[in-house]
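Participant: The following file, work-v2.csv, comprises CSV, C-alpha atoms:
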chain,number,residue,atom,x,y,z
Y,1,MET,CA,21.4,-30.4,51.1
Y,2,ILE,CA,21.4,-26.8,52.3
Y,3,GLU,CA,18.4,-24.8,51.3
Y,4,GLY,CA,19.0,-22.6,48.2
Y,5,LEU,CA,22.0,-24.6,47.0
Y,6,GLU,CA,20.1,-26.0,44.0
Y,7,GLN,CA,20.4,-22.6,42.2
Y,8,PHE,CA,24.1,-23.3,41.8
Y,9,ASP,CA,23.9,-26.9,40.5
Y,10,ALA,CA,25.6,-25.9,37.2
Y,11,ILE,CA,28.8,-24.8,38.9
Y,12,ARG,CA,29.1,-26.0,42.5
Y,13,PRO,CA,31.2,-28.9,43.9
Y,14,TYR,CA,29.5,-32.1,45.0
Y,15,GLU,CA,27.7,-32.2,48.3
Y,16,PRO,CA,28.3,-35.1,50.7
Y,17,GLU,CA,25.1,-37.0,49.6
Y,18,GLU,CA,26.4,-37.0,46.0
Y,19,MET,CA,29.8,-38.3,46.6
Y,20,LYS,CA,29.1,-42.1,46.3
Y,21,GLN,CA,27.3,-41.8,43.0
Y,22,ALA,CA,30.1,-39.5,41.6
Y,23,PHE,CA,32.7,-42.0,42.7
Y,24,GLU,CA,30.8,-44.9,40.9
Y,25,GLU,CA,30.5,-42.7,37.7
Y,26,LEU,CA,34.3,-42.1,38.0
Y,27,LEU,CA,35.0,-45.8,38.2
Y,28,SER,CA,32.9,-46.5,35.1
Y,29,ASP,CA,34.5,-43.8,33.0
Y,30,ARG,CA,36.6,-45.4,30.2
Y,31,GLN,CA,39.2,-42.6,30.1
Y,32,PHE,CA,39.7,-42.7,33.8
Y,33,ASN,CA,40.2,-46.4,33.7
Y,34,LEU,CA,42.8,-46.0,31.0
Y,35,ILE,CA,44.7,-43.5,33.3
Y,36,MET,CA,44.4,-46.0,36.2
Y,37,LYS,CA,45.7,-48.8,34.0
Y,38,GLY,CA,48.8,-46.8,33.3
Y,39,PHE,CA,49.6,-46.8,37.0
Y,40,ALA,CA,49.1,-50.6,37.4
Y,41,PRO,CA,48.9,-52.3,34.0
Y,42,TRP,CA,49.4,-55.7,35.6
Y,43,LEU,CA,46.2,-55.5,37.6
Y,44,PRO,CA,42.9,-56.5,36.1
Y,45,LYS,CA,40.3,-53.7,36.0
Y,46,PHE,CA,38.0,-55.4,38.6
Y,47,ILE,CA,40.8,-55.6,41.1
Y,48,ARG,CA,41.9,-52.0,40.5
Y,49,ASN,CA,38.4,-50.8,41.0
Y,50,GLY,CA,37.9,-53.0,44.0
Y,51,LEU,CA,41.0,-51.5,45.6
Y,52,LEU,CA,39.7,-48.0,44.9
Y,53,ARG,CA,36.3,-48.8,46.4
Y,54,LEU,CA,38.1,-50.2,49.5
Y,55,ALA,CA,40.1,-47.0,49.8
Y,56,PHE,CA,36.9,-44.9,49.3
Y,57,MET,CA,35.2,-46.6,52.3
Y,58,GLY,CA,34.3,-44.0,54.9
Y,59,VAL,CA,34.6,-41.1,52.5
Y,60,LYS,CA,31.3,-39.1,53.1
Y,61,SER,CA,32.2,-35.6,51.9
Y,62,PRO,CA,34.6,-33.7,49.7
Y,63,LEU,CA,36.7,-32.8,52.7
Y,64,ASP,CA,36.9,-36.6,53.6
Y,65,PHE,CA,38.0,-37.2,49.9
Y,66,GLN,CA,40.8,-34.6,50.3
Y,67,MET,CA,42.0,-36.0,53.5
Y,68,ARG,CA,42.0,-39.6,52.3
Y,69,PHE,CA,43.4,-39.1,48.7
Y,70,MET,CA,44.7,-35.6,48.2
Y,71,LYS,CA,46.5,-34.9,51.5
Y,72,PRO,CA,49.1,-37.8,51.1
Y,73,VAL,CA,49.6,-36.9,47.4
Y,74,VAL,CA,50.3,-33.2,48.2
Y,75,ARG,CA,52.6,-34.1,51.0
Y,76,TYR,CA,54.5,-36.4,48.6
Y,77,ILE,CA,54.8,-33.5,46.1
Y,78,ILE,CA,56.1,-31.2,48.7
Y,79,ARG,CA,58.6,-33.8,49.9
Y,80,LYS,CA,59.8,-34.8,46.4
Y,81,TYR,CA,59.6,-31.5,44.4
Y,82,THR,CA,60.2,-28.7,46.9
Y,83,ASP,CA,62.7,-27.9,49.6
Y,84,GLY,CA,59.8,-27.3,52.0
Y,85,CYS,CA,56.6,-25.3,52.1
Y,86,VAL,CA,56.0,-22.7,54.9
Y,87,PHE,CA,52.7,-21.1,55.9
Y,88,HIS,CA,52.7,-17.7,57.7
Y,89,HIS,CA,49.2,-17.1,59.1
Y,90,ASP,CA,49.8,-14.8,62.0
Y,91,GLN,CA,47.5,-12.1,60.5
Y,92,LEU,CA,44.5,-14.4,60.8
Y,93,LEU,CA,42.3,-14.5,63.8
Y,94,ALA,CA,43.5,-16.5,66.8
Y,95,ASP,CA,40.1,-18.4,66.8
Y,96,LYS,CA,40.6,-20.9,64.0
Y,97,GLN,CA,37.2,-22.6,64.3
Y,98,THR,CA,34.7,-19.8,63.7
Y,99,PRO,CA,35.9,-17.5,60.8
Y,100,ARG,CA,35.9,-18.5,57.1
Y,101,TYR,CA,38.1,-16.6,54.7
Y,102,THR,CA,38.2,-15.8,51.0
Y,103,PHE,CA,41.9,-16.0,50.1
Y,104,VAL,CA,42.8,-13.8,47.1
Y,105,SER,CA,46.3,-14.6,45.9
Y,106,ASN,CA,48.8,-14.2,43.2
Y,107,HIS,CA,48.9,-17.2,40.9
Y,108,ARG,CA,51.9,-19.5,40.5
Y,109,ASP,CA,50.5,-22.9,39.7
Y,110,ILE,CA,47.2,-24.1,38.2
Y,111,VAL,CA,46.8,-27.1,40.5
Y,112,LEU,CA,49.1,-26.6,43.5
Y,113,ASP,CA,48.3,-23.0,44.6
Y,114,SER,CA,45.1,-24.2,46.3
Y,115,ALA,CA,46.4,-27.7,47.0
Y,116,PHE,CA,49.3,-26.5,49.1
Y,117,LEU,CA,47.0,-24.1,50.9
Y,118,ASP,CA,44.6,-26.9,51.7
Y,119,LEU,CA,47.3,-29.0,53.4
Y,120,LYS,CA,48.8,-26.0,55.3
Y,121,LEU,CA,45.4,-25.0,56.7
Y,122,ILE,CA,44.7,-28.5,58.0
Y,123,GLU,CA,48.3,-28.8,59.4
Y,124,ALA,CA,47.9,-25.4,61.2
Y,125,GLY,CA,44.7,-26.6,62.9
Y,126,TYR,CA,42.0,-25.0,60.8
Y,127,PRO,CA,38.8,-27.1,60.5
Y,128,THR,CA,38.5,-27.1,56.7
Y,129,THR,CA,40.2,-26.4,53.4
Y,130,VAL,CA,39.2,-24.1,50.5
Y,131,GLU,CA,36.7,-24.3,47.7
Y,132,ILE,CA,38.4,-23.2,44.5
Y,133,GLY,CA,37.3,-21.8,41.1
Y,134,ILE,CA,38.6,-23.8,38.1
Y,135,GLY,CA,38.2,-22.6,34.5
Y,136,ASP,CA,36.1,-25.0,32.4
Y,137,ASN,CA,38.8,-24.8,29.7
Y,138,LEU,CA,40.8,-27.2,31.9
Y,139,LEU,CA,37.9,-29.7,32.3
Y,140,ILE,CA,38.5,-31.3,29.0
Y,141,TYR,CA,37.3,-34.8,30.0
Y,142,PRO,CA,34.2,-35.8,32.1
Y,143,TRP,CA,36.4,-37.6,34.6
Y,144,ILE,CA,38.5,-34.5,35.3
Y,145,LYS,CA,35.3,-32.5,35.9
Y,146,ARG,CA,34.0,-35.2,38.3
Y,147,MET,CA,37.4,-35.4,40.1
Y,148,VAL,CA,37.7,-31.7,40.7
Y,149,ARG,CA,34.0,-31.4,41.9
Y,150,MET,CA,34.8,-34.2,44.4
Y,151,ASN,CA,37.8,-32.0,45.4
Y,152,LYS,CA,35.8,-28.9,46.4
Y,153,ALA,CA,36.1,-27.1,43.0
Y,154,PHE,CA,33.4,-24.9,41.4
Y,155,THR,CA,33.4,-24.1,37.7
Y,156,VAL,CA,34.4,-20.8,36.1
Y,157,ARG,CA,33.1,-20.6,32.6
Y,158,ARG,CA,35.5,-19.2,29.9
Y,159,GLY,CA,35.1,-18.0,26.4
Y,160,LEU,CA,31.7,-16.3,26.8
Y,161,THR,CA,29.9,-13.4,25.1
Y,162,PRO,CA,29.8,-10.2,27.2
Y,163,LYS,CA,26.1,-10.9,28.1
Y,164,GLU,CA,26.9,-14.5,29.1
Y,165,MET,CA,29.9,-13.4,31.1
Y,166,PHE,CA,27.8,-11.0,33.1
Y,167,ALA,CA,25.3,-13.7,34.0
Y,168,SER,CA,28.1,-16.2,34.8
Y,169,SER,CA,30.0,-13.7,37.0
Y,170,GLN,CA,26.8,-12.9,38.9
Y,171,LEU,CA,26.1,-16.6,39.5
Y,172,MET,CA,29.7,-17.3,40.6
Y,173,SER,CA,29.7,-14.3,43.0
Y,174,GLN,CA,26.4,-15.4,44.5
Y,175,TYR,CA,27.8,-18.9,45.0
Y,176,ILE,CA,31.0,-17.5,46.7
Y,177,HIS,CA,28.9,-15.5,49.1
Y,178,PHE,CA,26.7,-18.6,49.7
Y,179,ALA,CA,29.7,-20.9,50.3
Y,180,VAL,CA,31.2,-18.6,52.9
Y,181,THR,CA,28.1,-17.5,54.8
Y,182,LYS,CA,25.8,-20.6,54.5
Y,183,LYS,CA,28.1,-23.6,53.8
Y,184,LYS,CA,30.8,-22.1,56.1
Y,185,GLU,CA,33.5,-22.9,53.6
Y,186,ASN,CA,36.8,-21.0,52.8
Y,187,ILE,CA,37.3,-19.8,49.2
Y,188,TRP,CA,40.5,-19.5,47.2
Y,189,ILE,CA,40.5,-17.4,44.1
Y,190,ALA,CA,43.3,-16.0,42.0
Y,191,GLN,CA,43.8,-12.2,41.9
Y,192,ARG,CA,43.5,-12.2,38.1
Y,193,GLU,CA,42.3,-14.5,35.3
Y,194,GLY,CA,45.3,-16.7,34.4
Y,195,ARG,CA,48.8,-16.5,35.8
Y,196,ALA,CA,51.0,-13.3,35.5
Y,197,LYS,CA,53.6,-14.9,33.2
Y,198,ASP,CA,56.2,-12.3,34.1
Y,199,SER,CA,55.4,-12.5,37.9
Y,200,ASP,CA,54.3,-8.9,37.9
Y,201,ASP,CA,51.3,-9.7,40.1
Y,202,ARG,CA,48.4,-7.3,39.9
Y,203,THR,CA,44.8,-7.7,41.2
Y,204,GLN,CA,42.3,-7.2,38.4
Y,205,GLU,CA,39.5,-4.9,39.4
Y,206,SER,CA,37.1,-7.1,37.4
Y,207,VAL,CA,37.8,-9.9,39.9
Y,208,LEU,CA,36.9,-7.7,42.9
Y,209,LYS,CA,33.8,-6.3,41.1
Y,210,MET,CA,32.7,-9.9,40.4
Y,211,MET,CA,33.0,-10.7,44.1
Y,212,ALA,CA,30.9,-7.7,45.0
Y,213,MET,CA,28.0,-8.7,42.7
Y,214,GLY,CA,26.8,-11.3,45.1
Y,215,GLY,CA,26.6,-9.2,48.3
Y,216,ASN,CA,28.6,-7.2,50.8
Y,217,LEU,CA,32.4,-7.7,50.4
Y,218,LYS,CA,32.8,-7.6,54.2
Y,219,GLU,CA,31.0,-10.9,54.6
Y,220,LEU,CA,33.6,-12.7,52.4
Y,221,ASN,CA,36.4,-11.8,55.0
Y,222,ILE,CA,39.0,-11.3,52.2
Y,223,VAL,CA,42.6,-12.1,52.9
Y,224,PRO,CA,45.4,-11.1,50.5
Y,225,LEU,CA,47.7,-14.2,50.1
Y,226,THR,CA,51.2,-14.2,48.7
Y,227,ILE,CA,52.6,-17.3,47.2
Y,228,SER,CA,56.4,-17.3,46.7
Y,229,TYR,CA,58.4,-20.0,44.8
Y,230,GLU,CA,62.1,-20.0,44.8
Y,231,PHE,CA,62.1,-21.6,41.3
Y,232,ASP,CA,59.1,-21.7,38.9
Y,233,PRO,CA,59.2,-25.0,37.0
Y,234,CYS,CA,57.1,-23.5,34.3
Y,235,ASP,CA,59.4,-20.5,33.7
Y,236,TYR,CA,60.8,-21.8,30.5
Y,237,LEU,CA,57.3,-22.6,29.1
Y,238,LYS,CA,56.2,-19.1,29.9
Y,239,ALA,CA,59.3,-17.6,28.2
Y,240,GLN,CA,58.6,-19.8,25.2
Y,241,GLU,CA,55.1,-18.5,25.1
Y,242,PHE,CA,56.3,-14.9,25.2
Y,243,GLN,CA,58.5,-15.6,22.1
Y,244,MET,CA,55.7,-17.4,20.2
Y,245,LYS,CA,53.3,-14.6,20.9
Y,246,ARG,CA,56.0,-12.1,19.8
Y,247,ASP,CA,56.7,-13.9,16.5
Y,248,ASN,CA,53.0,-14.8,15.9
Y,249,PRO,CA,50.6,-12.3,17.6
Y,250,GLY,CA,47.7,-14.7,16.9
Y,251,PHE,CA,49.3,-17.6,18.8
Y,252,LYS,CA,47.0,-19.3,21.3
Y,253,LYS,CA,47.8,-22.2,23.6
Y,254,SER,CA,46.2,-25.6,22.9
Y,255,LYS,CA,44.4,-27.8,25.5
Y,256,GLN,CA,47.4,-30.0,25.3
Y,257,ASP,CA,49.6,-27.0,26.2
Y,258,ASP,CA,47.5,-26.4,29.3
Y,259,LEU,CA,47.9,-30.1,30.3
Y,260,ASP,CA,51.7,-29.9,29.7
Y,261,ASN,CA,51.8,-26.8,32.0
Y,262,MET,CA,49.8,-28.6,34.7
Y,263,LYS,CA,52.1,-31.6,34.6
Y,264,THR,CA,55.3,-29.5,34.6
Y,265,GLY,CA,54.0,-27.4,37.4
Y,266,ILE,CA,53.2,-30.4,39.6
Y,267,LEU,CA,56.3,-32.5,38.8
Y,268,GLY,CA,58.9,-29.8,38.4
Y,269,TYR,CA,61.4,-28.6,41.1
Y,270,LYS,CA,60.3,-25.5,43.0
Y,271,GLY,CA,62.9,-25.0,45.6
Y,272,ARG,CA,61.5,-23.3,48.7
Y,273,VAL,CA,57.9,-22.4,48.8
Y,274,THR,CA,56.2,-19.8,51.1
Y,275,TYR,CA,52.6,-18.9,51.7
Y,276,HIS,CA,52.1,-15.6,53.5
Y,277,CYS,CA,48.7,-14.2,54.7
Y,278,GLY,CA,48.4,-10.4,54.6
Y,279,THR,CA,46.2,-8.2,56.7
Y,280,PRO,CA,42.5,-9.1,56.2
Y,281,VAL,CA,40.8,-6.5,54.1
Y,282,ASN,CA,38.0,-6.0,56.7
Y,283,THR,CA,40.5,-4.2,59.0
Y,284,TRP,CA,40.7,-1.3,56.6
Y,285,LEU,CA,37.7,-1.6,54.2
Y,286,ASP,CA,35.7,1.0,56.0
Y,287,GLU,CA,38.4,3.6,55.3
Y,288,ILE,CA,37.5,3.5,51.5
Y,289,ALA,CA,33.9,2.5,51.7
Y,290,ASP,CA,32.5,6.0,50.9
Y,291,MET,CA,34.6,6.4,47.7
Y,292,PRO,CA,32.8,6.5,44.3
Y,293,LYS,CA,32.4,3.0,43.0
Y,294,ASN,CA,35.2,3.0,40.4
Y,295,GLU,CA,37.6,4.8,42.7
Y,296,PHE,CA,36.7,2.2,45.4
Y,297,PHE,CA,37.6,-0.8,43.3
Y,298,SER,CA,40.8,0.9,42.1
Y,299,GLU,CA,41.9,1.7,45.6
Y,300,LEU,CA,40.9,-1.8,46.9
Y,301,ALA,CA,43.0,-3.5,44.2
Y,302,HIS,CA,45.9,-1.1,44.9
Y,303,ARG,CA,45.9,-1.9,48.6
Y,304,MET,CA,45.6,-5.6,48.1
Y,305,ASP,CA,48.5,-5.5,45.7
Y,306,ARG,CA,50.6,-3.7,48.3
Y,307,GLU,CA,49.7,-6.4,50.9
Y,308,ILE,CA,50.6,-9.2,48.4
Y,309,HIS,CA,53.9,-7.5,47.3
Y,310,ARG,CA,54.9,-6.9,51.0
Y,311,GLY,CA,54.3,-10.6,51.6
Y,312,TYR,CA,56.8,-12.0,49.1
Y,313,THR,CA,59.5,-14.2,50.4
Y,314,LEU,CA,62.5,-13.3,48.2
Y,315,TYR,CA,65.3,-15.7,47.5
Y,316,PRO,CA,68.8,-15.2,46.2
Y,317,CYS,CA,67.7,-15.9,42.6
Y,318,ASN,CA,65.2,-13.0,42.8
Y,319,TYR,CA,67.9,-10.5,43.9
Y,320,ILE,CA,70.4,-11.8,41.3
Y,321,ALA,CA,67.9,-11.4,38.5
Y,322,TYR,CA,67.0,-7.9,39.7
Y,323,ASP,CA,70.7,-6.9,39.7
Y,324,GLU,CA,71.4,-8.5,36.3
Y,325,LEU,CA,68.5,-6.6,34.7
Y,326,ASN,CA,69.5,-3.3,36.2
Y,327,GLY,CA,73.2,-3.8,35.6
Y,328,SER,CA,74.0,-3.2,39.3
Y,329,ARG,CA,74.9,-4.9,42.5
Y,330,SER,CA,72.4,-3.0,44.7
Y,331,GLN,CA,71.0,-6.2,46.1
Y,332,ALA,CA,74.4,-8.0,46.4
Y,333,SER,CA,74.1,-8.4,50.2
Y,334,HIS,CA,71.3,-10.9,49.6
Y,335,TYR,CA,73.4,-13.4,47.7
Y,336,ASN,CA,76.9,-14.8,47.3
Y,337,GLU,CA,79.0,-16.2,44.4
Y,338,ALA,CA,77.7,-19.7,45.0
Y,339,ASP,CA,74.1,-18.5,44.8
Y,340,HIS,CA,75.0,-16.7,41.5
Y,341,GLN,CA,76.6,-19.8,40.0
Y,342,ARG,CA,73.6,-22.0,41.0
Y,343,PHE,CA,71.1,-19.6,39.4
Y,344,GLU,CA,73.2,-19.4,36.2
Y,345,THR,CA,73.3,-23.2,36.0
Y,346,TYR,CA,69.6,-23.3,36.6
Y,347,LEU,CA,68.8,-20.8,33.9
Y,348,ALA,CA,71.0,-22.5,31.4
Y,349,GLY,CA,69.2,-25.8,32.1
Y,350,GLN,CA,65.8,-24.3,31.7
Y,351,LEU,CA,66.7,-22.5,28.5
Y,352,GLU,CA,68.0,-25.8,27.1
Y,353,LYS,CA,64.4,-27.3,27.5
Y,354,ILE,CA,63.0,-24.8,25.0
Y,355,ARG,CA,62.8,-26.3,21.6
Y,356,ILE,CA,61.2,-24.0,19.1
Y,357,ALA,CA,62.0,-22.7,15.6
Y,358,ASP,CA,64.1,-19.5,15.6
Y,359,LYS,CA,64.9,-19.8,19.2
Y,360,ASP,CA,65.9,-16.3,20.5
Y,361,GLU,CA,68.0,-17.1,23.5
Y,362,PRO,CA,68.8,-13.5,24.6
Y,363,PHE,CA,65.1,-12.7,24.5
Y,364,LEU,CA,64.1,-15.9,26.4
Y,365,ARG,CA,66.7,-15.2,29.0
Y,366,GLN,CA,65.6,-11.7,29.5
Y,367,LYS,CA,62.0,-12.8,30.0
Y,368,MET,CA,63.0,-15.4,32.6
Y,369,LEU,CA,65.1,-12.8,34.5
Y,370,GLU,CA,62.0,-10.5,34.5
Y,371,MET,CA,60.0,-13.3,36.1
Y,372,TYR,CA,62.4,-13.6,39.0
Y,373,ALA,CA,63.2,-9.8,39.3
Y,374,ASN,CA,59.6,-8.4,39.3
Y,375,PRO,CA,58.8,-9.6,42.9
Y,376,VAL,CA,61.8,-7.7,44.1
Y,377,LYS,CA,60.8,-4.6,42.2
Y,378,ASN,CA,57.3,-4.8,43.5
Y,379,GLN,CA,58.3,-5.4,47.1
Y,380,LEU,CA,60.7,-2.5,47.1
Y,381,ALA,CA,57.9,-0.2,45.8
Y,382,ALA,CA,55.4,-1.6,48.4
Y,383,LEU,CA,57.8,-1.1,51.3
Let me see the file written as structure tokens.
Facilitator:
Amino acid sequence: MIEGLEQFDAIRPYEPEEMKQAFEELLSDRQFNLIMKGFAPWLPKFIRNGLLRLAFMGVKSPLDFQMRFMKPVVRYIIRKYTDGCVFHHDQLLADKQTPRYTFVSNHRDIVLDSAFLDLKLIEAGYPTTVEIGIGDNLLIYPWIKRMVRMNKAFTVRRGLTPKEMFASSQLMSQYIHFAVTKKKENIWIAQREGRAKDSDDRTQESVLKMMAMGGNLKELNIVPLTISYEFDPCDYLKAQEFQMKRDNPGFKKSKQDDLDNMKTGILGYKGRVTYHCGTPVNTWLDEIADMPKNEFFSELAHRMDREIHRGYTLYPCNYIAYDELNGSRSQASHYNEADHQRFETYLAGQLEKIRIADKDEPFLRQKMLEMYANPVKNQLAAL
């Protein structure tokens, strides 16, 4: 184990020497076994576990685990639930072996944002994947926590007092710096806490301030990353949440709601998906280094947003939604009547899935149109 790593035991992923024990604990977990039984109810437990042990042979690190178990799963998801996933990484250094990056991206899916990136990095010839921060609100069962730690995830604590939040942020920042500089790992982190449900993607200054707590930002080699989905399978769930919060300001999602969002995000149709790396922050960070601290973080967030907004891949549905909201045809050169009909059919199908009391269809439709129009609005402003 790398010297100094023990200070992060409460939040870090498993190290190679811990993988075997973690796997055995996973196999002995009752809830995990119930999940596995659901996939193959005709197989006795000892045979299921024996097959899993056989599959685990030769797995000596979290990266091995990803390559053996997660890589084929993610490839299957891309093949079955998307129309392809493209990775633009021309802005990164030509030397793929030496640098490590901290990817700061907009947030489209709780599980797949980093999973797709992992696969694309490996396919593009990079030597490793990313470590990711996952909120402990999602780790509702011990087997889930073990699984994500085997999958290169570190824990982000939620629901803390201000004093606890400061200490937690400091520890997480120190770990991110340690992972990049000492462990030689990439990091993926969302630009804000939670997803921007209206797709108006903005970097929270608090995220950048947290990253700076553990050391010099330059050593993190930050890359703004843009994730673009043609269709968001969770759009109707987000619209539904907007109405429920409008009608009941005290509404809060349950843990089951979080799990439903995860399942829908993974198994829902996404159309075309694009990942676009913006200009690494280090190329211009010195230009703003002498600003007063608050101005520095504000300008850093602004410039990162501009990179992320420039990086959107926009699809016909985005331009159609933009024109519908603005009552214009200013973007009509980007779509045709068939595109328009396809999007209308899609919207109607998604709205049909919403089953709540006092369903306000005009409001729900408006919210879904905003989700698809905001990337256009932001890219036009950025360019």
Participant: As a JSON list (two decimals) with C-alpha atoms, in the coordinates of the input, please: the residues near Gln7 in chain Y (cut-off 12 Å, only C-alpha atoms, same-chain neighbours under 4 positions excluded).
Facilitator:
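Writing done, so here's out.json:
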[["chain", "number", "residue", "atom", "x", "y", "z"],
["Y", 1, "MET", "CA", 21.40, -30.40, 51.10],
["Y", 2, "ILE", "CA", 21.40, -26.80, 52.30],
["Y", 3, "GLU", "CA", 18.40, -24.80, 51.30],
["Y", 11, "ILE", "CA", 28.80, -24.80, 38.90],
["Y", 12, "ARG", "CA", 29.10, -26.00, 42.50],
["Y", 171, "LEU", "CA", 26.10, -16.60, 39.50],
["Y", 172, "MET", "CA", 29.70, -17.30, 40.60],
["Y", 174, "GLN", "CA", 26.40, -15.40, 44.50],
["Y", 175, "TYR", "CA", 27.80, -18.90, 45.00],
["Y", 178, "PHE", "CA", 26.70, -18.60, 49.70]]
Participant: Taking all atoms listed in the file into account, which of Y:Phe231, Y:Lys255, Y:Met70, Y:Arg100 comes nearest Tyr269 in chain Y?
Facilitator: Y:Phe231
Participant: Need to verify the contact set: Leu225 in chain Y, 10 Å, all atoms listed in the file, exclusion of same-chain residues closer than 2 positions in sequence. Can you return it as a ChimeraX atom specification?
Facilitator: /Y:88-89,102-107,117,188-191,222-223,227-228,275-280,304-305,307-309,311-312
Participant: With all atoms listed in the file as the basis for distance, which of Y:Asn33, Y:Ser298, Y:Asn378, Y:Asn221 is at the shortest distance from Leu93 in chain Y?
Facilitator: Y:Asn221
Participant: One decimal, Å: what's the distance from CA of Asp260 in chain Y over to CA of Leu51 in chain Y, could you say?
Facilitator: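 So the two atoms, CA of Asp260 in chain Y and CA of Leu51 in chain Y, lie 28.9 Å apart.
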Participant: Which distance in Å separates CA of Lys253 in chain Y and CA of Ser168 in chain Y, to one decimal?
Facilitator: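 CA of Lys253 in chain Y sits 23.4 Å away from CA of Ser168 in chain Y.
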Participant: Using all atoms listed in the file for the distances, tell me which of Y:Tyr14, Y:Asp200, Y:Phe23, Y:Cys234 is nearest to Thr155 in chain Y.
Facilitator: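 Distance minimum relative to Thr155 in chain Y lands on Y:Tyr14.
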Participant: Please, what distance in Å, to one decimal, runs between CA of Lys183 in chain Y and CA of Asp9 in chain Y?
Facilitator: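 Distance reported for this atom pair: 14.3 Å.
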Participant: Skipping near chain neighbours, those fewer than 3 positions away, what residues fall within 12 Å of Lys197 in chain Y using all atoms listed in the file, listed as a list in words?
Facilitator: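 The contact residues come out as Asn106, His107, Arg108, Asp109, Arg192, Glu193, Gly194, Asp200, Asp201, Arg202, Asp232, Cys234, Asp235, Tyr236, Leu237, Lys238, Ala239, Gln240, Glu241, Phe242, Lys367, Met368, Leu369, Glu370, Met371, Tyr372 and Asn374 of chain Y.
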Participant: Which one of Y:Asn282, Y:Glu123, Y:Phe39, Y:Val111 sits closest to Pro224 in chain Y if you count only C-alpha atoms?
Facilitator: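 Nearest candidate to Pro224 in chain Y out of Y:Asn282, Y:Glu123, Y:Phe39, Y:Val111: Y:Asn282.
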Participant: Between Y:Ile176, Y:Leu267, Y:Cys317, Y:Met244, which one has atoms that come closest to Lys359 in chain Y, using all atoms listed in the file?
Facilitator: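 Of all the options, Y:Met244 lies closest to Lys359 in chain Y.
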Participant: Can you pull out the residues contacting Lys152 in chain Y? Cut-off 7 Å, using all atoms listed in the file, and skip same-chain residues under 2 positions away; I want them as an mmCIF file with C-alpha atoms, in the frame of the given file.
Facilitator:
data_model
loop_
_atom_site.group_PDB
_atom_site.id
_atom_site.type_symbol
_atom_site.label_atom_id
_atom_site.label_comp_id
_atom_site.auth_asym_id
_atom_site.auth_seq_id
_atom_site.Cartn_x
_atom_site.Cartn_y
_atom_site.Cartn_z
ATOM 1 C CA PRO Y 13 31.200 -28.900 43.900
ATOM 2 C CA PRO Y 62 34.600 -33.700 49.700
ATOM 3 C CA GLU Y 131 36.700 -24.300 47.700
ATOM 4 C CA ILE Y 132 38.400 -23.200 44.500
ATOM 5 C CA VAL Y 148 37.700 -31.700 40.700
ATOM 6 C CA ARG Y 149 34.000 -31.400 41.900
ATOM 7 C CA MET Y 150 34.800 -34.200 44.400
ATOM 8 C CA PHE Y 154 33.400 -24.900 41.400
#
Participant: List the residues sitting within 10 Å of (39.4, -39.3, 43.7) in the file's frame, using all atoms listed in the file, as a ChimeraX atom specification.
Facilitator: /Y:22-23,26-27,52,55-56,62,65-66,68-70,143-144,146-151
Participant: Output range 208-218 of chain Y as a CSV table (one decimal), in the frame of the given file, making sure N, CA and C atoms are there.
Facilitator:
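Written output follows (result20.csv):
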chain,number,residue,atom,x,y,z
Y,208,LEU,N,37.5,-8.2,41.7
Y,208,LEU,CA,36.9,-7.7,42.9
Y,208,LEU,C,35.4,-7.3,42.6
Y,209,LYS,N,35.2,-6.7,41.4
Y,209,LYS,CA,33.8,-6.3,41.1
Y,209,LYS,C,32.9,-7.5,41.0
Y,210,MET,N,33.4,-8.6,40.4
Y,210,MET,CA,32.7,-9.9,40.4
Y,210,MET,C,32.3,-10.3,41.8
Y,211,MET,N,33.3,-10.3,42.7
Y,211,MET,CA,33.0,-10.7,44.1
Y,211,MET,C,32.0,-9.9,44.8
Y,212,ALA,N,31.9,-8.6,44.4
Y,212,ALA,CA,30.9,-7.7,45.0
Y,212,ALA,C,29.5,-7.9,44.5
Y,213,MET,N,29.4,-8.5,43.3
Y,213,MET,CA,28.0,-8.7,42.7
Y,213,MET,C,27.1,-9.5,43.6
Y,214,GLY,N,27.6,-10.4,44.4
Y,214,GLY,CA,26.8,-11.3,45.1
Y,214,GLY,C,26.4,-10.8,46.5
Y,215,GLY,N,26.9,-9.7,46.9
Y,215,GLY,CA,26.6,-9.2,48.3
Y,215,GLY,C,27.7,-8.3,48.8
Y,216,ASN,N,27.7,-8.0,50.1
Y,216,ASN,CA,28.6,-7.2,50.8
Y,216,ASN,C,30.0,-7.8,50.8
Y,217,LEU,N,31.0,-7.1,50.4
Y,217,LEU,CA,32.4,-7.7,50.4
Y,217,LEU,C,32.9,-8.1,51.8
Y,218,LYS,N,32.4,-7.4,52.8
Y,218,LYS,CA,32.8,-7.6,54.2
Y,218,LYS,C,32.5,-9.1,54.6
